[in-house]
Structures are given as C-alpha cells and as structure tokens.
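The next block is entry.cif, given as mmCIF, C-alpha atoms.
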data_structure
loop_
_atom_site.label_atom_id
_atom_site.label_comp_id
_atom_site.auth_asym_id
_atom_site.auth_seq_id
_atom_site.Cartn_x
_atom_site.Cartn_y
_atom_site.Cartn_z
CA MET S 1 54.44 15.02 -38.81
CA VAL S 2 54.58 11.33 -37.96
CA ALA S 3 53.58 12.09 -34.41
CA VAL S 4 50.56 14.06 -35.54
CA VAL S 5 49.49 11.28 -37.85
CA LEU S 6 49.81 8.74 -35.08
CA ILE S 7 47.77 10.91 -32.72
CA VAL S 8 45.07 11.37 -35.32
CA LEU S 9 44.98 7.63 -35.98
CA ALA S 10 44.68 6.92 -32.29
CA LEU S 11 41.90 9.49 -31.99
CA VAL S 12 40.06 7.98 -34.93
CA TYR S 13 40.34 4.45 -33.58
CA PHE S 14 39.19 5.24 -30.07
CA LEU S 15 36.50 7.73 -31.07
CA VAL S 16 34.99 5.28 -33.54
CA SER S 17 35.03 2.62 -30.85
CA VAL S 18 33.32 5.02 -28.45
CA ILE S 19 30.71 5.81 -31.09
CA PHE S 20 29.89 2.13 -31.49
CA ALA S 21 29.69 1.73 -27.74
CA LEU S 22 27.35 4.72 -27.49
CA GLN S 23 25.18 3.25 -30.23
CA LYS S 24 24.91 0.04 -28.21
CA ILE S 25 23.99 2.13 -25.16
CA THR S 26 21.30 3.96 -27.09
CA LYS S 27 19.83 0.72 -28.37
CA GLY S 28 19.85 -0.78 -24.88
CA LEU S 29 18.24 2.32 -23.41
CA ASP S 30 15.51 2.20 -26.05
CA GLU S 31 14.69 -1.37 -24.99
CA THR S 32 14.81 -0.37 -21.33
CA ILE S 33 12.50 2.56 -21.92
CA GLY S 34 10.05 0.26 -23.68
CA ALA S 35 10.02 -2.16 -20.75
CA VAL S 36 9.70 0.65 -18.21
CA THR S 37 6.83 2.13 -20.21
CA GLU S 38 5.12 -1.25 -20.03
CA ILE S 39 5.58 -1.27 -16.26
CA ILE S 40 4.08 2.21 -15.99
CA THR S 41 1.15 1.28 -18.20
CA LYS S 42 0.43 -1.96 -16.37
CA SER S 43 0.77 -0.48 -12.89
CA GLU S 44 -1.22 2.67 -13.63
CA PRO S 45 -4.63 1.39 -12.40
CA VAL S 46 -3.18 -0.56 -9.47
CA ASN S 47 -3.26 2.32 -7.00
CA ALA S 48 -6.92 3.11 -7.57
CA ILE S 49 -7.92 -0.56 -7.31
CA VAL S 50 -5.89 -1.17 -4.16
CA ASP S 51 -7.27 2.02 -2.60
CA ASP S 52 -10.80 0.81 -3.34
CA ILE S 53 -10.04 -2.63 -1.87
CA ASN S 54 -8.54 -1.03 1.23
CA ALA S 55 -11.52 1.29 1.61
CA ASN S 56 -13.93 -1.64 1.43
CA LEU S 57 -11.90 -3.68 3.90
CA ASP S 58 -11.60 -0.67 6.23
CA ALA S 59 -15.36 -0.23 6.15
CA ALA S 60 -15.87 -3.92 6.92
CA VAL S 61 -13.39 -3.83 9.80
CA ASP S 62 -15.02 -0.70 11.23
CA ALA S 63 -18.48 -2.23 10.97
CA LEU S 64 -17.44 -5.55 12.53
CA GLU S 65 -15.54 -3.87 15.35
CA GLY S 66 -18.47 -1.59 16.01
CA LEU S 67 -20.89 -4.50 15.99
CA LEU S 68 -18.72 -6.53 18.35
CA VAL S 69 -18.38 -3.68 20.82
CA LYS S 70 -22.07 -2.82 20.55
CA LYS S 71 -23.16 -6.36 21.26
CA ALA S 72 -20.55 -7.54 23.75
CA GLY S 73 -19.36 -4.31 25.33
CA LEU S 74 -15.81 -3.07 25.08
CA PRO S 75 -14.21 -5.06 27.95
CA GLU S 76 -15.76 -8.34 26.95
CA ALA S 77 -15.18 -7.71 23.27
CA MET S 78 -11.50 -7.27 23.96
CA GLY S 79 -11.51 -10.36 26.17
CA LEU S 80 -13.08 -12.29 23.33
CA VAL S 81 -10.54 -10.93 20.83
CA ASP S 82 -7.65 -11.77 23.12
CA GLY S 83 -9.13 -15.19 23.82
CA LEU S 84 -9.34 -16.01 20.13
CA TYR S 85 -6.06 -14.35 19.14
CA PRO S 86 -3.75 -14.16 22.17
CA GLY S 87 -1.91 -10.86 22.23
CA ALA S 88 -4.23 -9.16 19.77
CA LYS S 89 -5.75 -7.01 22.50
CA ALA S 90 -2.51 -5.04 22.76
CA GLU S 91 -3.12 -3.61 19.31
CA GLY S 92 -6.63 -2.56 20.23
CA LEU S 93 -9.52 -1.71 17.95
CA ARG S 94 -9.03 1.11 15.50
CA ASN S 95 -12.10 3.13 16.41
CA PHE S 96 -11.95 2.52 20.15
CA PRO S 97 -8.85 4.14 21.63
CA ASP S 98 -9.53 2.66 25.08
CA SER S 99 -9.68 -0.88 23.74
CA ALA S 100 -5.98 -1.57 24.21
CA THR S 101 -5.99 -0.53 27.84
CA VAL S 102 -9.44 -1.59 29.00
CA LYS S 103 -9.53 -4.31 31.66
CA SER S 104 -10.85 -7.44 30.02
CA PRO S 105 -12.19 -10.67 31.52
CA ARG S 106 -9.69 -13.47 31.85
CA ILE S 107 -9.33 -15.74 28.87
CA GLY S 108 -10.38 -18.88 30.76
CA GLU S 109 -13.48 -17.22 32.15
CA VAL S 110 -16.45 -16.03 30.15
CA TYR S 111 -18.95 -13.72 31.73
CA THR S 112 -22.67 -14.16 31.49
CA ARG S 113 -23.31 -11.64 28.77
CA GLY S 114 -20.18 -12.70 26.93
CA THR S 115 -21.22 -16.34 27.04
CA LEU S 116 -24.54 -15.62 25.44
CA THR S 117 -23.02 -13.34 22.88
CA LEU S 118 -20.34 -15.87 22.06
CA ALA S 119 -22.90 -18.64 21.83
CA ARG S 120 -25.13 -16.62 19.57
CA LEU S 121 -22.28 -15.42 17.39
CA GLY S 122 -20.86 -18.93 17.20
CA ARG S 123 -22.27 -22.29 16.37
CA GLU S 124 -25.66 -21.59 17.85
CA ALA S 125 -26.32 -18.36 15.98
CA PRO S 126 -30.00 -18.54 15.04
CA ILE S 127 -29.72 -17.73 11.38
CA ALA S 128 -31.86 -20.66 10.31
CA ALA S 129 -29.11 -22.47 8.42
CA LEU S 130 -28.46 -26.16 8.92
CA SER S 131 -25.12 -27.84 9.37
CA PRO S 132 -23.98 -29.78 6.30
CA ASN S 133 -23.00 -32.62 8.64
CA GLY S 134 -26.59 -33.23 9.66
CA PRO S 135 -27.24 -31.91 13.17
CA ALA S 136 -29.13 -28.65 13.35
CA LEU S 137 -26.47 -26.26 14.52
CA ARG S 138 -27.84 -23.00 13.22
CA ASP S 139 -31.52 -23.59 13.44
CA ALA S 140 -33.32 -20.67 15.03
CA ARG S 141 -35.39 -22.57 17.56
CA TYR S 142 -32.59 -25.03 18.30
CA GLY S 143 -30.02 -22.28 18.79
CA SER S 144 -32.25 -20.24 21.03
CA ALA S 145 -33.23 -23.26 23.13
CA THR S 146 -29.64 -24.40 23.49
CA SER S 147 -28.55 -20.95 24.57
CA ARG S 148 -31.22 -20.91 27.24
CA THR S 149 -30.04 -24.25 28.61
CA LEU S 150 -26.84 -22.56 29.70
CA TYR S 151 -28.84 -20.96 32.53
CA PRO S 152 -32.10 -22.91 32.85
CA ILE S 153 -33.15 -21.39 36.17
CA GLU S 154 -31.33 -18.17 36.78
CA ARG S 155 -28.09 -16.62 35.76
CA PRO S 156 -25.18 -17.37 38.10
CA GLY S 157 -23.66 -14.61 40.18
CA ARG S 158 -20.29 -15.13 38.60
CA SER S 159 -19.10 -16.15 35.24
CA PRO S 160 -19.07 -19.83 34.39
CA ILE S 161 -15.80 -21.62 33.77
CA ILE S 162 -15.49 -23.18 30.37
CA GLY S 163 -13.06 -25.68 28.89
CA THR S 164 -12.36 -29.38 29.13
CA ASN S 165 -11.65 -29.13 32.89
CA ALA S 166 -14.75 -27.07 33.65
CA PRO S 167 -16.94 -28.48 36.44
CA THR S 168 -19.99 -28.18 34.20
CA GLN S 169 -19.76 -29.40 30.63
CA TYR S 170 -22.37 -27.69 28.51
CA GLU S 171 -21.79 -29.87 25.48
CA ALA S 172 -23.94 -32.96 25.23
CA PRO S 173 -21.90 -36.15 25.84
CA ASP S 174 -22.90 -37.61 22.50
CA ALA S 175 -22.21 -34.42 20.55
CA ASP S 176 -20.43 -34.79 17.26
CA PRO S 177 -17.05 -33.08 17.76
CA SER S 178 -16.52 -32.66 14.03
CA ALA S 179 -19.64 -30.52 13.84
CA VAL S 180 -18.35 -27.97 16.32
CA MET W 1 64.42 21.47 -33.35
CA THR W 2 61.41 20.03 -35.19
CA TRP W 3 62.64 16.54 -34.57
CA VAL W 4 62.90 17.23 -30.88
CA LEU W 5 59.36 18.57 -30.73
CA SER W 6 58.05 15.63 -32.70
CA LEU W 7 59.79 13.26 -30.35
CA ILE W 8 58.33 14.99 -27.31
CA VAL W 9 54.86 14.86 -28.82
CA LEU W 10 55.28 11.24 -29.74
CA LEU W 11 56.59 10.16 -26.37
CA VAL W 12 54.44 12.32 -24.09
CA VAL W 13 51.23 13.49 -25.73
CA LEU W 14 50.40 10.34 -27.66
CA PRO W 15 50.50 8.01 -24.63
CA VAL W 16 48.35 10.43 -22.63
CA VAL W 17 45.80 10.67 -25.42
CA VAL W 18 45.73 6.90 -25.82
CA VAL W 19 45.30 6.30 -22.10
CA LEU W 20 42.48 8.85 -21.83
CA LEU W 21 40.60 7.53 -24.84
CA ASN W 22 41.08 3.96 -23.72
CA ASN W 23 39.51 4.79 -20.37
CA VAL W 24 36.55 6.45 -22.11
CA LEU W 25 36.07 3.35 -24.24
CA LYS W 26 36.24 1.04 -21.21
CA GLU W 27 33.63 3.06 -19.34
CA ALA W 28 31.35 3.14 -22.39
CA ASN W 29 31.56 -0.64 -22.70
CA ALA W 30 30.87 -1.02 -18.97
CA ILE W 31 27.70 1.09 -19.33
CA THR W 32 26.49 -1.26 -22.06
CA GLY W 33 26.58 -4.22 -19.64
CA SER W 34 24.76 -2.27 -16.95
CA ILE W 35 22.06 -1.24 -19.39
CA ASP W 36 21.59 -4.85 -20.48
CA ARG W 37 21.02 -5.83 -16.84
CA ILE W 38 18.59 -2.94 -16.30
CA THR W 39 16.68 -3.96 -19.42
CA ALA W 40 16.43 -7.55 -18.21
CA ALA W 41 15.16 -6.39 -14.81
CA ALA W 42 12.61 -4.05 -16.39
CA ARG W 43 11.35 -6.84 -18.65
CA ALA W 44 11.02 -9.17 -15.68
CA GLY W 45 9.17 -6.47 -13.74
CA SER W 46 6.85 -5.89 -16.63
CA LYS W 47 6.16 -9.62 -16.87
CA ASP W 48 5.42 -9.77 -13.13
CA LEU W 49 2.76 -7.11 -13.66
CA ASP W 50 0.91 -9.31 -16.14
CA ALA W 51 -1.15 -10.51 -13.16
CA ALA W 52 -2.22 -6.96 -12.28
CA PRO W 53 -5.59 -7.25 -14.09
CA LEU W 54 -6.48 -9.99 -11.58
CA LEU W 55 -6.78 -7.16 -9.07
CA LEU W 56 -10.07 -6.31 -10.75
CA THR W 57 -11.35 -9.77 -9.78
CA THR W 58 -10.03 -9.30 -6.26
CA GLN W 59 -11.69 -5.91 -6.06
CA GLN W 60 -15.06 -7.33 -7.09
CA GLN W 61 -14.71 -10.26 -4.70
CA VAL W 62 -13.84 -7.91 -1.84
CA ARG W 63 -16.91 -5.81 -2.65
CA ASP W 64 -19.12 -8.91 -2.68
CA THR W 65 -17.60 -10.21 0.54
CA VAL W 66 -18.01 -6.88 2.30
CA ALA W 67 -21.61 -6.70 1.11
CA ASN W 68 -22.25 -10.17 2.52
CA VAL W 69 -20.54 -9.25 5.78
CA ALA W 70 -22.66 -6.13 5.98
CA ALA W 71 -25.82 -8.14 5.42
CA TYR W 72 -24.76 -10.72 8.00
CA GLY W 73 -23.79 -7.98 10.45
CA GLY W 74 -27.13 -6.27 9.93
CA SER W 75 -28.93 -9.50 10.71
CA LEU W 76 -26.81 -10.02 13.83
CA ASP W 77 -27.53 -6.48 14.89
CA VAL W 78 -31.23 -7.23 14.80
CA ILE W 79 -31.04 -10.69 16.35
CA VAL W 80 -28.48 -10.24 19.13
CA ASP W 81 -29.21 -7.98 22.07
CA ASP W 82 -26.97 -5.02 22.69
CA ALA W 83 -24.54 -5.12 25.59
#
Kindly transcribe the structure held in the file into structure tokens.
Amino acid sequence: MVAVVLIVLALVYFLVSVIFALQKITKGLDETIGAVTEIITKSEPVNAIVDDINANLDAAVDALEGLLVKKAGLPEAMGLVDGLYPGAKAEGLRNFPDSATVKSPRIGEVYTRGTLTLARLGREAPIAALSPNGPALRDARYGSATSRTLYPIERPGRSPIIGTNAPTQYEAPDADPSAV
Amino acid sequence: MTWVLSLIVLLVVLPVVVVLLNNVLKEANAITGSIDRITAAARAGSKDLDAAPLLLTTQQQVRDTVANVAAYGGSLDVIVDDA
C-alpha cells in the first residue's frame, strides 16, 4: 500500500512538472509562430519585387551588350571589355555564345574602328553636354572634331598604340587630367 | 507475501518510474530553452525584414535607371556608326 502511494506521489509530482514545462513550450511556440508569421508577411512581396528588378537589369544588360557588339563588333567589343575589366572576357556575353572564345585585339592595342568607337563612347561622345569642370568634353562639334584629329589624313594600316609610352600622344599637352 | 511484493515494488518499480519521469521532465525543460532561442532568432529575422519595403524604392530606381540607359543607348545607336 505504501509502495503504491509513493508511486502515485512520484507520478503526480513529475507529471505536474511535465505539464508546466509543456505549458511553457506552448507559450514559447505561440511567440515563435507570431514572429515567423511576421517574417512570412514581410517577405511575401520580396520575390515579385526582386524578380521585377532582375528582369529590368537583365533587359538593360541585354540591350547594352547588344549595342556594344553592334557598334564595335564582337572581337573588338570583347577586347574592350577585357581591357576595361581584365579577365571578364572569359565569362563572355550572355547573348553571344562565341564571345568567350572569339579572338580579341590585344589590350595594349586599339584598332581603328575600336578607337573611334571608344572615343565616341567615352569622353568625346557628342551628346552635347558640357563638362562641369569647364572644358567642353561632350560638345557635339568638339567631340566630332577631336575624333577626326586621330586620323587627320588617312587611317593607318595598323592599329595605333595607346598609353603613356605610345609614340604618338593624342592628348593635348596642356589637357586637364582631372577632366578625363 | 504481501510485504514481499510491496518491497519488490518499492525497490524496483518506483526507481524505474522515477528515472523515466525525471528524464521526460529534463527533456521538456530542454525544449523550452531551444524554443526561446528559436523565438529570439525569429524576432531578429522579422526585425531584419523591416527594411524590405525599401525594395520598392530600389525597384523604382532600377526602372528609372534602365529607362535612362535605354534612352542613352538609343541615342548612341543613332549617333555611332555600326561596326
């Protein structure tokens, strides 16, 4: 009889303790569910927004890649890309499967068509905007005239060498380096 | 005979019952701690997502930027000769 009473007392003690522990668990789970519900609610529109952002950026990348290839040609476009971002040519352009393997001009050498394209796309692009520093860098007539001075008589048979060690320096000696 | 049975129950069954119930109680208390940590992590995650509405601003800015790039690209397409 005593043994049974002791067993029942032990059962009561431990079961009541377990009940309290389970109540704590239930309360904690309620709080967790509330926080998780908040996460779900807050993150619900994220996918659609990110998809839209990605779609816009994809369209921009496609358009810019297409424009670059259209204007410069695939080999020179990839030479330009690799010249600006060394190693980037290996990844290639998304819409041009041959871009990763096409033979591109050397980085230190810019071909005739590439030079003009680079010049027009760069600081001499004739979009009729003026440099905030003063000199007319994007003036239409200025840009066009400066581009033509690269080859005042006739285009050379080979590509010109550019850089600080180039035999011909196209930049005016008194040019403002901060405006480049 | 009854005394013998009572003694057996007292010495064998009671310790087993106590050990088993004690283990159940320990595990239940351990779950409580884990749930507290999960709740804290979920709250922190929810707080991190407070900045999610800024994505709407980013989305609009991306649209504007892409529109400007498209306009600029269109102008370049007209101005610059094809390869």
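Proximity to chain W was assessed for S:Leu93, S:Val81, S:Leu22, S:Val102 counting all atoms listed in the file; the smallest distance is recorded for S:Leu22.
Distance check against chain W using all atoms listed in the file: of S:Ala88, S:Val8, S:Ile53, S:Leu68, the minimum falls on S:Ile53.
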Show me a table, sorted first by chain and then by increasing residue number, of the residues of chain W having an atom at most 6 Å from chain S, each with its shortest atom pair and the distance in Å to one decimal, counting all atoms listed in the file and written as CSV.
residue,atom,partner,partner_atom,distance
W:Ser6,CA,S:Ala3,CA,6.0
W:Leu10,CA,S:Ala3,CA,5.0
W:Leu14,CA,S:Ile7,CA,5.7
W:Leu21,CA,S:Phe14,CA,5.9
W:Leu25,CA,S:Val18,CA,5.3
W:Ala28,CA,S:Ala21,CA,5.8
W:Asn29,CA,S:Ala21,CA,5.9
W:Thr32,CA,S:Ile25,CA,5.2
W:Ile35,CA,S:Gly28,CA,5.9
W:Thr39,CA,S:Thr32,CA,4.5
W:Ala42,CA,S:Ala35,CA,5.4
W:Arg43,CA,S:Ala35,CA,5.3
W:Ser46,CA,S:Ile39,CA,4.8
W:Gln59,CA,S:Ile53,CA,5.6
W:Val66,CA,S:Ala60,CA,5.9
W:Asp82,CA,S:Lys71,CA,4.3
W:Ala83,CA,S:Lys71,CA,4.7
Only C-alpha atoms, please: the residues just picked out, written as a PDB file, in the frame of the given file.
ATOM      1  CA  SER W   6      58.050  15.630 -32.700  1.00  0.00           C
ATOM      2  CA  LEU W  10      55.280  11.240 -29.740  1.00  0.00           C
ATOM      3  CA  LEU W  14      50.400  10.340 -27.660  1.00  0.00           C
ATOM      4  CA  LEU W  21      40.600   7.530 -24.840  1.00  0.00           C
ATOM      5  CA  LEU W  25      36.070   3.350 -24.240  1.00  0.00           C
ATOM      6  CA  ALA W  28      31.350   3.140 -22.390  1.00  0.00           C
ATOM      7  CA  ASN W  29      31.560  -0.640 -22.700  1.00  0.00           C
ATOM      8  CA  THR W  32      26.490  -1.260 -22.060  1.00  0.00           C
ATOM      9  CA  ILE W  35      22.060  -1.240 -19.390  1.00  0.00           C
ATOM     10  CA  THR W  39      16.680  -3.960 -19.420  1.00  0.00           C
ATOM     11  CA  ALA W  42      12.610  -4.050 -16.390  1.00  0.00           C
ATOM     12  CA  ARG W  43      11.350  -6.840 -18.650  1.00  0.00           C
ATOM     13  CA  SER W  46       6.850  -5.890 -16.630  1.00  0.00           C
ATOM     14  CA  GLN W  59     -11.690  -5.910  -6.060  1.00  0.00           C
ATOM     15  CA  VAL W  66     -18.010  -6.880   2.300  1.00  0.00           C
ATOM     16  CA  ASP W  82     -26.970  -5.020  22.690  1.00  0.00           C
ATOM     17  CA  ALA W  83     -24.540  -5.120  25.590  1.00  0.00           C
TER      18      ALA W  83
END
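CA of Ala100 in chain S lies 10.4 Å from CA of Asp82 in chain S.
Between CA of Ala30 in chain W and CA of Ala44 in chain W lies a distance of 21.7 Å.
What separates CA of Pro105 in chain S from CA of Gly92 in chain S is a distance of 15.0 Å.
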